[in-house]
Structures are given as structure tokens and as C-alpha cells.
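Visitor: If it helps, the file is called work_17.txt and holds compact mmCIF, C-alpha atoms:
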# COMPACT_ATOMS: atom_id res chain seq x y z
CA MET A 1056 0.00 0.00 0.00
CA ARG A 1057 1.54 3.27 -1.10
CA ARG A 1058 1.08 6.56 0.67
CA VAL A 1059 -0.40 9.04 -1.78
CA ALA A 1060 -0.56 12.73 -0.87
CA ILE A 1061 -3.19 14.68 -2.81
CA VAL A 1062 -2.48 18.39 -2.57
CA VAL A 1063 -5.53 20.61 -2.15
CA PHE A 1064 -5.22 24.22 -3.35
CA PRO A 1065 -7.92 26.88 -3.00
CA GLY A 1066 -9.89 26.17 -6.18
CA SER A 1067 -9.01 22.49 -6.56
CA ASN A 1068 -12.20 20.63 -7.50
CA CYS A 1069 -11.04 17.15 -8.56
CA ASP A 1070 -9.36 16.40 -5.24
CA VAL A 1071 -12.14 14.15 -3.88
CA ASP A 1072 -12.47 12.18 -7.14
CA THR A 1073 -8.70 11.71 -7.18
CA LEU A 1074 -8.70 10.52 -3.56
CA ASP A 1075 -11.44 8.01 -4.40
CA ALA A 1076 -9.55 6.78 -7.48
CA ALA A 1077 -6.34 6.27 -5.52
CA ARG A 1078 -8.18 4.47 -2.70
CA ALA A 1079 -10.03 2.28 -5.22
CA ALA A 1080 -6.60 1.22 -6.51
CA GLY A 1081 -5.63 0.23 -2.97
CA SER A 1082 -3.53 3.25 -1.99
CA ASP A 1083 -3.37 4.88 1.41
CA ALA A 1084 -4.42 8.27 0.03
CA TYR A 1085 -4.88 11.46 2.01
CA PHE A 1086 -5.22 15.21 1.49
CA VAL A 1087 -2.49 17.75 2.15
CA TRP A 1088 -3.55 21.40 2.34
CA HIS A 1089 -1.42 23.69 0.21
CA ARG A 1090 -0.31 25.78 3.20
CA GLU A 1091 1.26 22.75 4.86
CA THR A 1092 4.97 22.22 4.42
CA ALA A 1093 5.34 18.43 4.84
CA LEU A 1094 4.07 15.59 2.65
CA LYS A 1095 3.82 13.18 5.62
CA GLN A 1096 6.04 10.47 4.14
CA ALA A 1097 4.29 10.29 0.82
CA ASP A 1098 5.46 7.77 -1.78
CA VAL A 1099 3.47 9.54 -4.48
CA VAL A 1100 2.21 13.13 -4.78
CA ILE A 1101 -0.77 14.06 -6.94
CA LEU A 1102 -1.69 17.62 -7.87
CA PRO A 1103 -5.38 17.36 -8.80
CA GLY A 1104 -7.48 19.23 -11.32
CA GLY A 1105 -9.40 22.41 -10.70
CA PHE A 1106 -8.87 26.14 -10.89
CA SER A 1107 -6.34 27.02 -8.23
CA TYR A 1108 -6.49 30.73 -7.39
CA GLY A 1109 -9.17 31.17 -10.04
CA ASP A 1110 -6.54 30.70 -12.78
CA TYR A 1111 -5.53 34.32 -12.06
CA LEU A 1112 -2.47 35.59 -13.96
CA ARG A 1113 -1.92 32.17 -15.61
CA SER A 1114 -3.26 28.71 -14.76
CA GLY A 1115 -1.08 27.30 -11.97
CA ALA A 1116 1.14 30.41 -11.76
CA ILE A 1117 0.18 31.28 -8.17
CA ALA A 1118 -0.34 27.72 -6.88
CA ARG A 1119 3.22 27.02 -7.90
CA PHE A 1120 4.41 29.26 -5.01
CA SER A 1121 2.21 27.63 -2.35
CA PRO A 1122 4.21 26.55 0.72
CA ILE A 1123 3.70 22.82 0.01
CA MET A 1124 5.39 23.17 -3.39
CA THR A 1125 8.83 23.32 -1.75
CA ALA A 1126 8.26 19.80 -0.41
CA VAL A 1127 6.75 18.64 -3.73
CA THR A 1128 9.83 19.92 -5.58
CA ALA A 1129 12.18 18.19 -3.13
CA HIS A 1130 10.20 14.94 -3.46
CA ALA A 1131 10.44 15.16 -7.26
CA ARG A 1132 14.17 15.97 -7.19
CA GLU A 1133 14.78 12.89 -5.05
CA GLY A 1134 13.07 10.75 -7.68
CA GLY A 1135 9.66 10.44 -6.00
CA ALA A 1136 6.64 9.94 -8.23
CA VAL A 1137 4.53 13.04 -8.94
CA LEU A 1138 1.38 13.21 -11.07
CA GLY A 1139 -0.29 16.43 -12.19
CA ILE A 1140 -3.77 16.18 -13.63
CA CYS A 1141 -5.11 19.14 -15.64
CA ASN A 1142 -4.54 22.14 -13.32
CA GLY A 1143 -1.90 19.98 -11.63
CA PHE A 1144 -0.13 19.58 -15.00
CA GLN A 1145 -0.27 23.35 -15.50
CA THR A 1146 1.17 23.87 -12.03
CA LEU A 1147 4.04 21.40 -12.60
CA CYS A 1148 4.93 23.27 -15.81
CA GLU A 1149 4.81 26.64 -14.03
CA ALA A 1150 7.02 25.17 -11.29
CA GLY A 1151 9.58 24.03 -13.85
CA LEU A 1152 9.19 20.38 -12.84
CA LEU A 1153 7.95 19.65 -16.37
CA PRO A 1154 9.08 21.48 -19.52
CA GLY A 1155 6.75 23.72 -21.53
CA ALA A 1156 3.46 25.44 -20.72
CA LEU A 1157 -0.28 25.14 -21.30
CA MET A 1158 -1.94 27.96 -23.23
CA ARG A 1159 -5.49 28.93 -24.15
CA ASN A 1160 -7.27 26.33 -26.31
CA ALA A 1161 -6.77 27.15 -29.99
CA ARG A 1162 -10.51 27.58 -30.55
CA LEU A 1163 -10.88 29.46 -27.25
CA ARG A 1164 -13.79 27.42 -25.92
CA PHE A 1165 -13.69 25.65 -22.60
CA LEU A 1166 -13.99 21.95 -23.49
CA SER A 1167 -15.70 19.40 -21.25
CA ARG A 1168 -16.10 16.16 -23.14
CA PRO A 1169 -14.48 12.77 -23.70
CA VAL A 1170 -11.36 12.57 -25.86
CA TRP A 1171 -9.26 9.66 -27.03
CA VAL A 1172 -5.62 9.37 -26.10
CA ARG A 1173 -3.02 6.78 -27.04
CA VAL A 1174 -0.55 5.54 -24.46
CA GLU A 1175 2.84 6.37 -25.95
CA SER A 1176 5.06 5.34 -23.05
CA THR A 1177 4.57 2.69 -20.37
CA ASP A 1178 7.89 3.57 -18.74
CA THR A 1179 6.46 5.85 -16.02
CA PRO A 1180 5.06 5.19 -12.52
CA PHE A 1181 1.56 5.96 -13.81
CA THR A 1182 1.38 3.98 -17.07
CA SER A 1183 3.26 0.76 -16.34
CA LEU A 1184 0.09 -1.39 -16.40
CA TYR A 1185 -0.97 -0.14 -19.85
CA ASP A 1186 0.30 -1.50 -23.14
CA GLN A 1187 1.98 0.90 -25.50
CA GLY A 1188 -0.56 1.89 -28.15
CA ASP A 1189 -3.62 1.40 -25.92
CA VAL A 1190 -6.28 3.94 -26.89
CA LEU A 1191 -8.22 5.28 -23.90
CA GLU A 1192 -11.43 7.28 -23.69
CA ILE A 1193 -10.97 9.83 -20.93
CA PRO A 1194 -12.70 13.20 -20.44
CA ILE A 1195 -11.08 16.60 -20.61
CA ALA A 1196 -12.37 19.73 -18.85
CA HIS A 1197 -10.11 22.68 -19.59
CA GLY A 1198 -9.77 26.08 -21.20
CA ASP A 1199 -5.97 26.17 -21.17
CA GLY A 1200 -4.85 22.83 -22.57
CA ARG A 1201 -2.72 23.70 -25.57
CA TYR A 1202 0.72 22.33 -24.82
CA VAL A 1203 3.58 24.50 -26.11
CA ALA A 1204 7.32 24.38 -25.53
CA LEU A 1205 10.38 26.36 -26.51
CA PRO A 1206 11.80 25.50 -29.94
CA GLY A 1207 13.61 22.19 -29.78
CA VAL A 1208 11.94 21.05 -26.55
CA ALA A 1209 9.08 19.22 -28.28
CA ALA A 1210 11.59 17.43 -30.53
CA GLU A 1211 13.61 16.50 -27.46
CA LEU A 1212 10.47 15.12 -25.74
CA GLU A 1213 9.76 13.02 -28.83
CA ALA A 1214 13.35 11.79 -29.11
CA GLN A 1215 13.51 10.81 -25.44
CA GLY A 1216 10.10 9.13 -25.38
CA GLN A 1217 8.77 11.69 -22.90
CA VAL A 1218 5.40 12.04 -24.64
CA VAL A 1219 3.28 9.75 -22.46
CA TRP A 1220 -0.20 10.28 -23.94
CA ARG A 1221 -1.16 11.71 -27.32
CA TYR A 1222 -4.59 12.77 -28.58
CA VAL A 1223 -5.89 10.55 -31.37
CA ARG A 1224 -8.90 11.01 -33.70
CA ASP A 1225 -8.85 14.76 -33.02
CA ASN A 1226 -6.67 17.33 -31.28
CA PRO A 1227 -9.14 19.22 -29.07
CA ASN A 1228 -7.00 22.22 -28.12
CA GLY A 1229 -4.30 22.70 -30.77
CA SER A 1230 -1.64 21.05 -28.61
CA THR A 1231 1.85 20.75 -30.13
CA ASN A 1232 2.32 17.29 -31.71
CA ASP A 1233 -1.11 16.28 -30.29
CA ILE A 1234 0.52 16.05 -26.84
CA ALA A 1235 -1.92 15.20 -24.02
CA GLY A 1236 0.63 14.28 -21.36
CA ILE A 1237 4.38 14.17 -20.80
CA CYS A 1238 7.00 13.15 -18.27
CA ASN A 1239 10.30 14.70 -17.21
CA ALA A 1240 13.70 13.34 -18.29
CA ASP A 1241 13.91 11.18 -15.15
CA ARG A 1242 10.38 9.86 -15.89
CA ASN A 1243 9.16 10.26 -12.29
CA VAL A 1244 7.17 13.49 -12.84
CA VAL A 1245 4.16 13.07 -15.12
CA GLY A 1246 1.44 15.50 -16.21
CA LEU A 1247 -1.64 15.17 -18.38
CA MET A 1248 -4.66 17.27 -19.29
CA PRO A 1249 -7.35 14.52 -19.41
CA HIS A 1250 -8.92 13.32 -16.14
CA PRO A 1251 -8.23 9.62 -15.53
CA GLU A 1252 -9.92 9.85 -12.11
CA ARG A 1253 -13.23 10.39 -13.93
CA ARG A 1254 -12.99 7.00 -15.69
CA ILE A 1255 -12.34 4.40 -13.01
CA ALA A 1256 -15.62 2.42 -13.08
CA ALA A 1257 -18.34 1.36 -15.51
CA LEU A 1258 -20.74 3.50 -13.48
CA LEU A 1259 -18.73 6.59 -14.48
CA GLY A 1260 -18.84 5.71 -18.17
CA GLY A 1261 -15.76 3.54 -18.32
CA SER A 1262 -12.65 2.48 -16.50
CA ASP A 1263 -9.93 3.45 -18.98
CA GLY A 1264 -8.29 5.72 -16.40
CA ALA A 1265 -8.14 3.20 -13.54
CA ARG A 1266 -4.75 1.79 -14.49
CA VAL A 1267 -3.11 5.20 -13.94
CA PHE A 1268 -3.77 4.68 -10.21
CA GLN A 1269 -3.23 0.91 -10.26
CA SER A 1270 0.16 1.46 -11.97
CA MET A 1271 1.17 3.84 -9.20
CA GLU A 1272 0.20 1.26 -6.59
CA ALA A 1273 2.02 -1.56 -8.40
CA HIS A 1274 5.11 0.50 -9.11
CA ASN A 1275 8.30 -1.05 -7.81
CA ALA A 1276 8.69 0.52 -4.38
CA THR A 1277 12.45 0.07 -4.28
CA GLN A 1278 13.05 1.84 -7.55
CA HIS A 1279 13.49 5.34 -6.19
CA ALA A 1280 15.93 6.79 -3.74
CA VAL A 1281 13.07 8.42 -1.85
CA ASP A 1282 11.87 4.99 -0.77
CA VAL A 1283 14.83 4.71 1.57
CA ARG A 1284 13.15 6.71 4.25
CA ALA A 1285 14.45 8.07 7.50
CA VAL A 1286 12.20 7.09 10.38
CA GLY A 1287 13.48 8.37 13.67
CA ASP A 1288 17.20 7.73 13.50
CA ARG A 1289 16.93 4.65 11.28
CA HIS A 1290 16.68 4.25 7.55
CA LEU A 1291 13.98 1.87 6.41
CA ARG A 1292 13.74 0.41 2.95
CA VAL A 1293 10.05 0.14 2.21
CA MET B 54 12.75 55.63 -0.86
CA THR B 55 10.38 56.97 -3.46
CA ALA B 56 7.22 55.46 -4.86
CA TYR B 57 7.47 54.67 -8.53
CA ARG B 58 4.64 53.62 -10.75
CA VAL B 59 5.95 50.75 -12.85
CA GLU B 60 3.99 49.49 -15.85
CA VAL B 61 4.54 46.00 -17.19
CA ARG B 62 3.41 44.85 -20.60
CA VAL B 63 3.23 41.08 -21.02
CA MET B 64 2.65 39.79 -24.56
CA PRO B 65 2.34 36.29 -25.98
CA ARG B 66 5.47 35.27 -27.87
CA ALA B 67 5.26 36.38 -31.50
CA ALA B 68 5.88 32.84 -32.77
CA LEU B 69 2.96 31.37 -30.81
CA LEU B 70 -0.65 31.19 -31.87
CA ASP B 71 -2.71 33.91 -30.14
CA PRO B 72 -6.31 32.73 -30.57
CA GLN B 73 -7.64 35.63 -28.49
CA GLY B 74 -5.98 38.15 -30.79
CA GLN B 75 -7.36 36.32 -33.83
CA ALA B 76 -10.88 36.36 -32.41
CA VAL B 77 -10.66 40.12 -31.77
CA GLN B 78 -9.31 40.65 -35.29
CA HIS B 79 -12.22 38.67 -36.76
CA ALA B 80 -14.69 40.73 -34.73
CA LEU B 81 -13.08 43.97 -35.96
CA HIS B 82 -13.36 42.73 -39.55
CA ALA B 83 -17.02 41.91 -38.94
CA LEU B 84 -17.48 45.56 -37.89
CA GLY B 85 -15.93 46.70 -41.16
CA PHE B 86 -12.41 47.47 -39.89
CA ASN B 87 -10.79 45.53 -42.67
CA ASP B 88 -7.65 47.64 -42.38
CA VAL B 89 -6.66 45.67 -39.25
CA LYS B 90 -3.98 43.20 -40.31
CA GLN B 91 -3.13 41.68 -36.94
CA VAL B 92 -4.25 41.84 -33.31
CA ARG B 93 -2.39 40.40 -30.35
CA VAL B 94 -3.80 40.43 -26.83
CA GLY B 95 -1.56 40.68 -23.80
CA LYS B 96 -1.68 41.94 -20.21
CA HIS B 97 -0.93 45.30 -18.69
CA LEU B 98 0.06 45.37 -15.04
CA VAL B 99 0.51 48.54 -12.98
CA LEU B 100 2.66 48.28 -9.85
CA ASP B 101 3.47 50.90 -7.23
CA VAL B 102 6.99 50.08 -6.09
CA GLU B 103 9.05 51.70 -3.34
CA ALA B 104 12.63 52.03 -4.57
CA LYS B 105 15.78 54.15 -4.29
CA SER B 106 15.67 55.10 -7.96
CA GLY B 107 13.72 54.51 -11.13
CA GLU B 108 16.40 52.11 -12.32
CA ASP B 109 16.12 50.19 -9.07
CA ALA B 110 12.31 49.98 -9.42
CA VAL B 111 12.72 48.63 -12.97
CA ALA B 112 15.36 46.13 -11.90
CA ARG B 113 13.14 44.82 -9.09
CA THR B 114 10.16 44.58 -11.41
CA ARG B 115 12.20 42.66 -13.97
CA ILE B 116 12.98 40.06 -11.29
CA MET B 117 9.25 39.88 -10.49
CA CYS B 118 8.54 39.28 -14.18
CA ASP B 119 11.12 36.50 -14.36
CA ARG B 120 9.74 34.79 -11.27
CA LEU B 121 5.97 35.29 -11.55
CA LEU B 122 4.48 37.96 -13.79
CA ALA B 123 5.50 36.44 -17.15
CA ASN B 124 6.03 32.86 -18.26
CA PRO B 125 9.38 32.70 -20.09
CA VAL B 126 8.12 29.83 -22.27
CA THR B 127 5.15 31.67 -23.73
CA GLU B 128 5.46 35.39 -23.01
CA ASP B 129 7.73 38.42 -23.48
CA PHE B 130 7.58 41.46 -21.22
CA GLU B 131 8.53 45.13 -21.20
CA VAL B 132 8.93 47.31 -18.12
CA ALA B 133 8.54 51.10 -18.00
CA VAL B 134 8.68 53.42 -14.99
CA ARG B 135 6.99 56.72 -14.10
CA THR B 136 7.67 58.76 -11.02
CA SER B 137 4.45 59.24 -9.13
Could you quickly redo this structure as C-alpha cells?

Guide:
Amino acid sequence: MRRVAIVVFPGSNCDVDTLDAARAAGSDAYFVWHRETALKQADVVILPGGFSYGDYLRSGAIARFSPIMTAVTAHAREGGAVLGICNGFQTLCEAGLLPGALMRNARLRFLSRPVWVRVESTDTPFTSLYDQGDVLEIPIAHGDGRYVALPGVAAELEAQGQVVWRYVRDNPNGSTNDIAGICNADRNVVGLMPHPERRIAALLGGSDGARVFQSMEAHNATQHAVDVRAVGDRHLRV
Amino acid sequence: MTAYRVEVRVMPRAALLDPQGQAVQHALHALGFNDVKQVRVGKHLVLDVEAKSGEDAVARTRIMCDRLLANPVTEDFEVAVRTS
């Protein structure tokens, strides 16, 4: 059972769904308020969807300076798994934990509907239980989902296999190279615009997103340095 | 220390699609302003900054732009100062 910290910002609105999805996958999931400074020995951190700080200035631009983000950054730098969903993805980009940025949808409309994405990489803590090439139906709900990066960065992402999900059938927001989700060079920080937590059961219209959370639970716990954890004056390998 | 009014103009990078600017341009064309060849929409921020000099106020504001007010991936910014 992995400890999964779900960070709640003022304006987060997918935090409860994300908690439910992580618990359904068997995780010991709990909320961490953005003003806290400790992740309480989390194995995995999830930044959920929503509209932190009303998307003022830029989506995720203010959340990125919340007190908890210091601990999230340290966790990521130590190799700990981090997932950003929608507003969480925007926040990870603003924080510099993922390359690029999310801009206004090309056709300007806020889009809330299912899309289809293809799993392009299974070599991340959140996609290991998928098969490469799996096509998933997962909803989006965003106004700022157009992924852009500095010249050369998108090519680098492609060359290094850091595109994790790609829109297929149609590109809803004008995203560069149809990118729906990416990971960092170390592959432990992952962000995506679609909402896998909204597709974890037939009752919700499908379960294509469930394996994101099951992958995180199944992920080899000894893989990352962060799993050697100091408890009291001892180091425990968990 | 003197109060300086610092104005920051943040614009989307020229190379990037600006759908908001395009929508405004289309609306202007619909109103008959066919002489408009391009519109880009950015942000204008007005800050009152306490500083030793105008140069100091600009320098501080540039750091604020780098850290928060502009996203270096998608936006360019300009800073101008007025003594208030």
C-alpha cells in the first residue's frame, strides 16, 4: 500500500475524485492542504485538477508558489513519483518540474467532453500497467490545454520518449504534436490534461483511467531513492 | 525611498498562436475594420513600487517578471517606470 498525498489548493475541484480513485486502486491516500509544508512520508504526490487561485495571472502560476510546493519539488528531485492532472499539470509546468506550458485552447472554448488518447510510453510510474498503443477514452475539462514548448523542446520530448499520452482522432486544443501528457527526463514526474480519475468504473462511463492509479500502486517501491526513508534515526527500505 | 509607478506589458510570444488576438481581429473585420492586419492580446500590469531610484524599481520589477508575472516559455515582457 503506497502513501499518496493529494495536494488541495484553493480552487481544486477534482481532489475528492482523485482521492477516491487512488483508494479504489488500494492506496493509502490522504489530502495535504497547500499551506502545509510536509508531505507526511508520501510515496506519491498528486496535484489534482481544478482552478487554483481562479486561474488568475496564468493557470497554476500562483499555486506554484504555495508553501507545500517546496516539499513537492524536493520529493520530485529525489526521484519520488509526482502526477499532475489538468490544473496539476499546468502547475508542474509553471514550477519548472515539467518542460513547456499550457496555453489557451486554440478555438478558445472551454472543453468538457471525452477525448481519445493513445498511451505512448509505459515507462512511467503511472502507465506501467498499460500497453503501448492502448487507446483510452478519458474526459477533458479545460480552457488552457494547448501544450507549447520552446523550440527544440518538443523534438527533445519526442526523441527521449517523454510524450506519455497523445490525442488521437482529433486534437481538441491545438496542442503541439497532439501532446496530451508528458514526463520529465527522469520519468518520475508526469502531467496530463485529461482526467483519468473520472474514468475508473463502468458507473462513471468507463474504466480506462483506472490503471493510472493501479500502476502507481504496483510501481516497484524500491526503484526510487526516496523509498529509503528516514524514520526516527533509522533508515527503512520500504 | 520613493514610490514609482511601474507598468509591465506582457505579450504572448510572437511565434505562438494567439487565438484571443485572432478572435478580436475577426470581430473587428465583422465591424468593417478591414484595415486591421493583426491583433495580439496581452496583459498590462501597474505596480506601485518603493525604490531608491527609477532604475532600481525597474530592476526589481524585472525580477518579479522572471519569477511570476510572465512565463518565459510563452510570453515576453517590457517594463517602463513613471515617477508618481

Visitor: Taking only residues of chain A that have an atom at most 9 Å from an atom of chain B, what is each one's shortest atom pair and its distance in Å to one decimal, using all atoms listed in the file, in chain and number order, as JSON lines?

Guide:
{"residue": "A:Leu1112", "atom": "CA", "partner": "B:Leu122", "partner_atom": "CA", "distance": 7.3}
{"residue": "A:Arg1113", "atom": "CA", "partner": "B:Asn124", "partner_atom": "CA", "distance": 8.4}
{"residue": "A:Ala1116", "atom": "CA", "partner": "B:Leu121", "partner_atom": "CA", "distance": 6.9}
{"residue": "A:Ile1117", "atom": "CA", "partner": "B:Leu121", "partner_atom": "CA", "distance": 7.8}
{"residue": "A:Glu1149", "atom": "CA", "partner": "B:Asn124", "partner_atom": "CA", "distance": 7.6}
{"residue": "A:Pro1154", "atom": "CA", "partner": "B:Val126", "partner_atom": "CA", "distance": 8.8}
{"residue": "A:Gly1155", "atom": "CA", "partner": "B:Val126", "partner_atom": "CA", "distance": 6.3}
{"residue": "A:Ala1156", "atom": "CA", "partner": "B:Val126", "partner_atom": "CA", "distance": 6.6}
{"residue": "A:Leu1157", "atom": "CA", "partner": "B:Thr127", "partner_atom": "CA", "distance": 8.8}
{"residue": "A:Met1158", "atom": "CA", "partner": "B:Thr127", "partner_atom": "CA", "distance": 8.0}
{"residue": "A:Arg1159", "atom": "CA", "partner": "B:Pro72", "partner_atom": "CA", "distance": 7.5}
{"residue": "A:Asn1160", "atom": "CA", "partner": "B:Pro72", "partner_atom": "CA", "distance": 7.7}
{"residue": "A:Ala1161", "atom": "CA", "partner": "B:Pro72", "partner_atom": "CA", "distance": 5.6}
{"residue": "A:Arg1162", "atom": "CA", "partner": "B:Pro72", "partner_atom": "CA", "distance": 6.6}
{"residue": "A:Leu1163", "atom": "CA", "partner": "B:Pro72", "partner_atom": "CA", "distance": 6.5}
{"residue": "A:Val1203", "atom": "CA", "partner": "B:Thr127", "partner_atom": "CA", "distance": 7.7}
{"residue": "A:Ala1204", "atom": "CA", "partner": "B:Val126", "partner_atom": "CA", "distance": 6.4}
{"residue": "A:Leu1205", "atom": "CA", "partner": "B:Val126", "partner_atom": "CA", "distance": 5.9}

Visitor: Between CA of Glu60 in chain B and CA of Gly74 in chain B, what distance in Å does the model show, to one decimal?

Guide: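 So the two atoms, CA of Glu60 in chain B and CA of Gly74 in chain B, lie 21.2 Å apart.
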
Visitor: Could you please determine the separation between CA of Ser1107 in chain A and CA of Phe1064 in chain A in Å, to one decimal place?

Guide: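 For CA of Ser1107 in chain A relative to CA of Phe1064 in chain A, the distance reads 5.7 Å.
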
Visitor: Calculated over only C-alpha atoms, which of the candidates B:Gln91, B:Thr55, B:Arg135, B:Val61 has the smallest distance to Ile116 in chain B?

Guide: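 Of B:Gln91, B:Thr55, B:Arg135, B:Val61, the one nearest Ile116 in chain B, counting only C-alpha atoms, is B:Val61.
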
Visitor: Show which residues sit within 10 Å of Arg1058 in chain A, as a ChimeraX atom specification. Count only C-alpha atoms, and ignore same-chain residues fewer than 5 positions away.

Guide: /A:1077,1081-1085,1094-1100,1272

Visitor: The selected residues should be written to file as a CSV table (one decimal), keeping the file's coordinate frame (atoms: C-alpha atoms).

Guide:
chain,number,residue,atom,x,y,z
A,1077,ALA,CA,-6.3,6.3,-5.5
A,1081,GLY,CA,-5.6,0.2,-3.0
A,1082,SER,CA,-3.5,3.2,-2.0
A,1083,ASP,CA,-3.4,4.9,1.4
A,1084,ALA,CA,-4.4,8.3,0.0
A,1085,TYR,CA,-4.9,11.5,2.0
A,1094,LEU,CA,4.1,15.6,2.6
A,1095,LYS,CA,3.8,13.2,5.6
A,1096,GLN,CA,6.0,10.5,4.1
A,1097,ALA,CA,4.3,10.3,0.8
A,1098,ASP,CA,5.5,7.8,-1.8
A,1099,VAL,CA,3.5,9.5,-4.5
A,1100,VAL,CA,2.2,13.1,-4.8
A,1272,GLU,CA,0.2,1.3,-6.6

Visitor: Taking (0.4, -1.3, -22.9) in the file's own coordinates, collect the residues within 12 Å, counting all atoms listed in the file, and hand them back as a list in words.

Guide: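 Result, sorted by chain then residue number: Arg1173, Val1174, Glu1175, Ser1176, Thr1177, Asp1178, Thr1179, Phe1181, Thr1182, Ser1183, Leu1184, Tyr1185, Asp1186, Gln1187, Gly1188, Asp1189, Val1190, Leu1191, Val1219, Trp1220, Arg1266, Val1267 and Ser1270 of chain A.
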
Visitor: Let me make sure I understand: among A:Ile1061, A:Leu1153, A:Ala1257, A:Leu1102, which one has the smallest atom-to-atom distance to Ala1240 in chain A if we use all atoms listed in the file?

Guide: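 Among the listed residues, the smallest separation from Ala1240 in chain A belongs to A:Leu1153.
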
Visitor: With only C-alpha atoms as the atoms that count, which of A:Thr1231, A:Phe1106, A:Glu1192, A:Gln1269 lies nearest to Pro1206 in chain A?

Guide: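 Looking only at the distances to Pro1206 in chain A, the closest residue turns out to be A:Thr1231.
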
Visitor: Figure out the distance between CA of Gly107 in chain B and CA of Arg62 in chain B, please, to one decimal in Å.

Guide: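 Straight-line distance from CA of Arg62 in chain B to CA of Gly107 in chain B works out to 17.0 Å.
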
Visitor: Tell me which protein, DNA and RNA residues are within 6 Å of Val63 in chain B, counting only C-alpha atoms, leaving out same-chain ones fewer than 2 positions away, and put them as a VMD selection string.

Guide: chain B and resid 95 to 96 129 to 130

Visitor: Set the distance at 10 Å and use only C-alpha atoms: which residues neighbour Ser106 in chain B once local chain neighbours fewer than 6 positions away are removed? I'd like the list as a ChimeraX atom specification.

Guide: /B:54-57,112,136
